[in-house]
Each structure stands twice: as C-alpha cells, then as structure tokens.
Amino acid sequence: MAIKQYSLKKDGAKQLSPAFRVREFRCRDGTDTILIDEGLVVLLQCIREHFGKPVTITSGYRTASHNTRVGGSRSSQHLLGRAADIQVQDTDPLAVAAYVESLMPGWGGVGRYPVKAGRAKGWVHVDTRPNKSRWTL
Ligand SMILES: [Zn+2]
C-alpha cells in the first residue's frame with residue numbers, strides 16, 4: 001500500500017472507496033495538498049461496512065503547522081497521511097476501537113478517546129504505522 005498525494009481543488013470529489021472521497025481527508029487549515037495512505041482507506045471502508053453507519057473523519061491529513069496548532073505530537077501519523085480521527089454515527093467509540101483492534105491485532109495505531117465529562121462525543125484515532133501502538137486518553 002502506498003501513500004498518495006492529491007489536490008483538494010482537483011481531486012476533492014474523487015471517490016477513494018465506496019464511502020470515502022478525497023476531500024474528507026483534507027487538512028482543516030485549507031491546504032490544497034492532501035496525503036492519504038491507501039491502506040487507511042481500506043481500514044475505514046471496513047469500519048463503514050461493519051457498522052453499516054456513516055463514518056465521519058474529524059481529522060485526517062495535517063500539515064506540520066496545523067498539527068502544532070491542534071496539539072498533535074511531533075511524530076504524529078497525521079503528518080504522513082496515515083491517520084484518521086473518526087466517529088461512527090450512534091456508536092460507542094470503544095466499540096469502534098474494539099473492531100479496529102480485530103482488523104490489525106499486531107500492528108497499527110489505535111487511540112481511544114471515550115466519551116467523558118467535558119467531552120460530548122468521543123472518537124477513535126486509527127493509523128497504519130507498521131508497528132503496534134495503543135493508547136487511551
Ligand atoms: Zn489522531
């Protein structure tokens with residue numbers, strides 16, 4: 001699987017899989033360039049089909065400056081186009097994380113951000129790094 005580069009202006013409407021278009025992975029600072037790992041799209045499409053509900057990407061590719069602004073780690077997989085923070089409609093983030101775990105038991109990153117006081121909606125961070133990384137915040 002490879003990391004592909006797209007232009008928001010030229011490729012934004014391009015369908016990457018049945019449920020995801022290029023623009024959903026854009027950096028929220030408006031940057032035209034978007035990096036997207038093909039393997040990440042496969043994972044997200046699996047999640048979409050497993051739960052049968054819309055998957056919203058709240059953060060996909062990030063430029064270095066945007067990553068700093070949102071408090072991302074310096075080695076964030078979002079900088080490489082390999083990570084997405086997602087919410088599945090009407091679904092507990094911990095249930096989403098458990099399913100992702102079953103897809104990549106020995107590799108990849110899964111960050112659990114469950115619903116808690118002061119956080120109305122939880123989310124799950126998913127990335128396609130070759131090694132295994134797990135955390136809960
Ligand atoms: Zn993330």
# chains A, B, ... in the order shown; residues from 1 in each chain; ligands from 1
>>> select_by_dssp(residues="chain A", states="helix (DSSP H, G or I)", output="MDAnalysis selection string")
chainID A and resid 8:11 22:25 38:51 64:69 77:80 93:103
>>> closest_atom_pairs(of="chain A", to="ligand 1", cutoff="8 Å", atoms="only C-alpha atoms and all ligand atoms", output="CSV")
residue,atom,partner,partner_atom_place_in_ligand_line,distance
A:Ser59,CA,ligand 1,1 (Zn),6.7
A:Gly60,CA,ligand 1,1 (Zn),7.5
A:Gly72,CA,ligand 1,1 (Zn),7.7
A:Ser76,CA,ligand 1,1 (Zn),7.6
A:Gln77,CA,ligand 1,1 (Zn),7.5
A:His78,CA,ligand 1,1 (Zn),6.4
A:Ala83,CA,ligand 1,1 (Zn),6.0
A:Ala84,CA,ligand 1,1 (Zn),5.6
A:Asp85,CA,ligand 1,1 (Zn),4.7
A:Gly111,CA,ligand 1,1 (Zn),7.2
A:Val124,CA,ligand 1,1 (Zn),7.5
A:His125,CA,ligand 1,1 (Zn),4.4
A:Val126,CA,ligand 1,1 (Zn),6.7
A:Asp127,CA,ligand 1,1 (Zn),7.7
>>> closest_residue(among="A:Arg74, A:Arg23, A:Lys9, A:Arg82", to="Val42 (chain A)", atoms="only C-alpha atoms")
A:Arg82
>>> residues_around(residues="Ala120 (chain A)", least_positions_apart="4", cutoff="12 Å", atoms="only C-alpha atoms", output="list of chain:residue names")
A:Gln87, A:Asp92, A:Pro93, A:Tyr113, A:Pro114, A:Val115, A:Lys116
>>> write_last_selection(atoms="C-alpha atoms", output="PDB file, in the first residue's frame")
ATOM      1  CA  GLN A  87     -16.669   8.982  14.751  1.00  0.00           C
ATOM      2  CA  ASP A  92     -19.626   3.956  21.164  1.00  0.00           C
ATOM      3  CA  PRO A  93     -16.003   4.823  20.293  1.00  0.00           C
ATOM      4  CA  TYR A 113     -10.891   8.873  23.235  1.00  0.00           C
ATOM      5  CA  PRO A 114     -14.046   7.691  25.012  1.00  0.00           C
ATOM      6  CA  VAL A 115     -16.994   9.892  25.925  1.00  0.00           C
ATOM      7  CA  LYS A 116     -16.337  11.509  29.318  1.00  0.00           C
TER       8      LYS A 116
END
>>> closest_residue(among="A:Val110, A:Ala117, A:Ala19, A:Ile3", to="Val96 (chain A)", atoms="only C-alpha atoms")
A:Val110
>>> residues_around(residues="Gly81 (chain A)", least_positions_apart="5", cutoff="8 Å", atoms="only C-alpha atoms", output="list of chain:residue names")
A:Ile3, A:Ile34, A:Leu35, A:Ile36, A:Asp37, A:Gly60, A:Tyr61, A:Arg62
>>> atom_distance(atom1="CA of Leu8 (chain A)", atom2="CA of Cys27 (chain A)")
9.4 Å
>>> atom_distance(atom1="CA of Ala13 (chain A)", atom2="CA of Gly108 (chain A)")
27.5 Å
>>> select_by_dssp(residues="region 10-125 of chain A", states="strand (DSSP E or B)", output="PyMOL selection string")
chain A and resi 15-17+20-21+33-37+55-59+83-88+108-113+116+119+123-125
>>> closest_residue(among="A:Ile57, A:Leu43, A:Leu94, A:Val88", to="Arg21 (chain A)", atoms="only C-alpha atoms")
A:Ile57
>>> atom_distance(atom1="CA of Glu24 (chain A)", atom2="CA of Pro130 (chain A)")
23.4 Å
>>> residues_around(residues="Ile47 (chain A)", least_positions_apart="6", cutoff="10 Å", atoms="only C-alpha atoms", output="ChimeraX atom specification")
/A:41,53-55,88,96-97,99-100,103
>>> write_last_selection(atoms="N, CA, C and O atoms", output="CSV table (one decimal), in the first residue's frame")
chain,number,residue,atom,x,y,z
A,41,VAL,N,-7.5,4.0,3.9
A,41,VAL,CA,-8.9,4.0,3.2
A,41,VAL,C,-9.5,2.6,3.3
A,41,VAL,O,-10.7,2.5,3.6
A,53,LYS,N,-23.0,2.2,9.2
A,53,LYS,CA,-23.3,3.6,9.6
A,53,LYS,C,-22.3,4.6,9.1
A,53,LYS,O,-21.1,4.2,9.0
A,54,PRO,N,-22.7,5.8,8.8
A,54,PRO,CA,-21.7,6.8,8.3
A,54,PRO,C,-20.5,7.0,9.3
A,54,PRO,O,-20.7,7.0,10.5
A,55,VAL,N,-19.3,7.1,8.7
A,55,VAL,CA,-18.1,7.3,9.4
A,55,VAL,C,-17.7,8.8,9.1
A,55,VAL,O,-17.5,9.1,7.9
A,88,VAL,N,-18.2,7.1,14.4
A,88,VAL,CA,-19.2,6.3,13.7
A,88,VAL,C,-20.5,6.7,14.3
A,88,VAL,O,-20.7,6.7,15.5
A,96,VAL,N,-16.0,0.8,18.4
A,96,VAL,CA,-15.3,1.1,17.1
A,96,VAL,C,-13.8,0.6,17.3
A,96,VAL,O,-13.3,-0.1,16.5
A,97,ALA,N,-13.2,1.0,18.4
A,97,ALA,CA,-11.8,0.7,18.7
A,97,ALA,C,-11.7,-0.9,18.8
A,97,ALA,O,-10.7,-1.4,18.3
A,99,TYR,N,-13.4,-3.1,17.3
A,99,TYR,CA,-13.4,-3.7,15.9
A,99,TYR,C,-12.1,-3.4,15.2
A,99,TYR,O,-11.6,-4.3,14.5
A,100,VAL,N,-11.6,-2.2,15.3
A,100,VAL,CA,-10.3,-1.9,14.6
A,100,VAL,C,-9.2,-2.8,15.1
A,100,VAL,O,-8.4,-3.3,14.4
A,103,LEU,N,-9.1,-5.9,13.3
A,103,LEU,CA,-8.5,-5.8,11.9
A,103,LEU,C,-7.0,-5.8,11.9
A,103,LEU,O,-6.4,-6.2,10.9
>>> closest_residue(among="A:Leu80, A:Asp90, A:Leu16, A:Gly39", to="Thr56 (chain A)", atoms="only C-alpha atoms")
A:Asp90
>>> closest_residue(among="A:Leu40, A:Ala2, A:Cys46, A:Val70", to="Arg28 (chain A)", atoms="only C-alpha atoms")
A:Val70
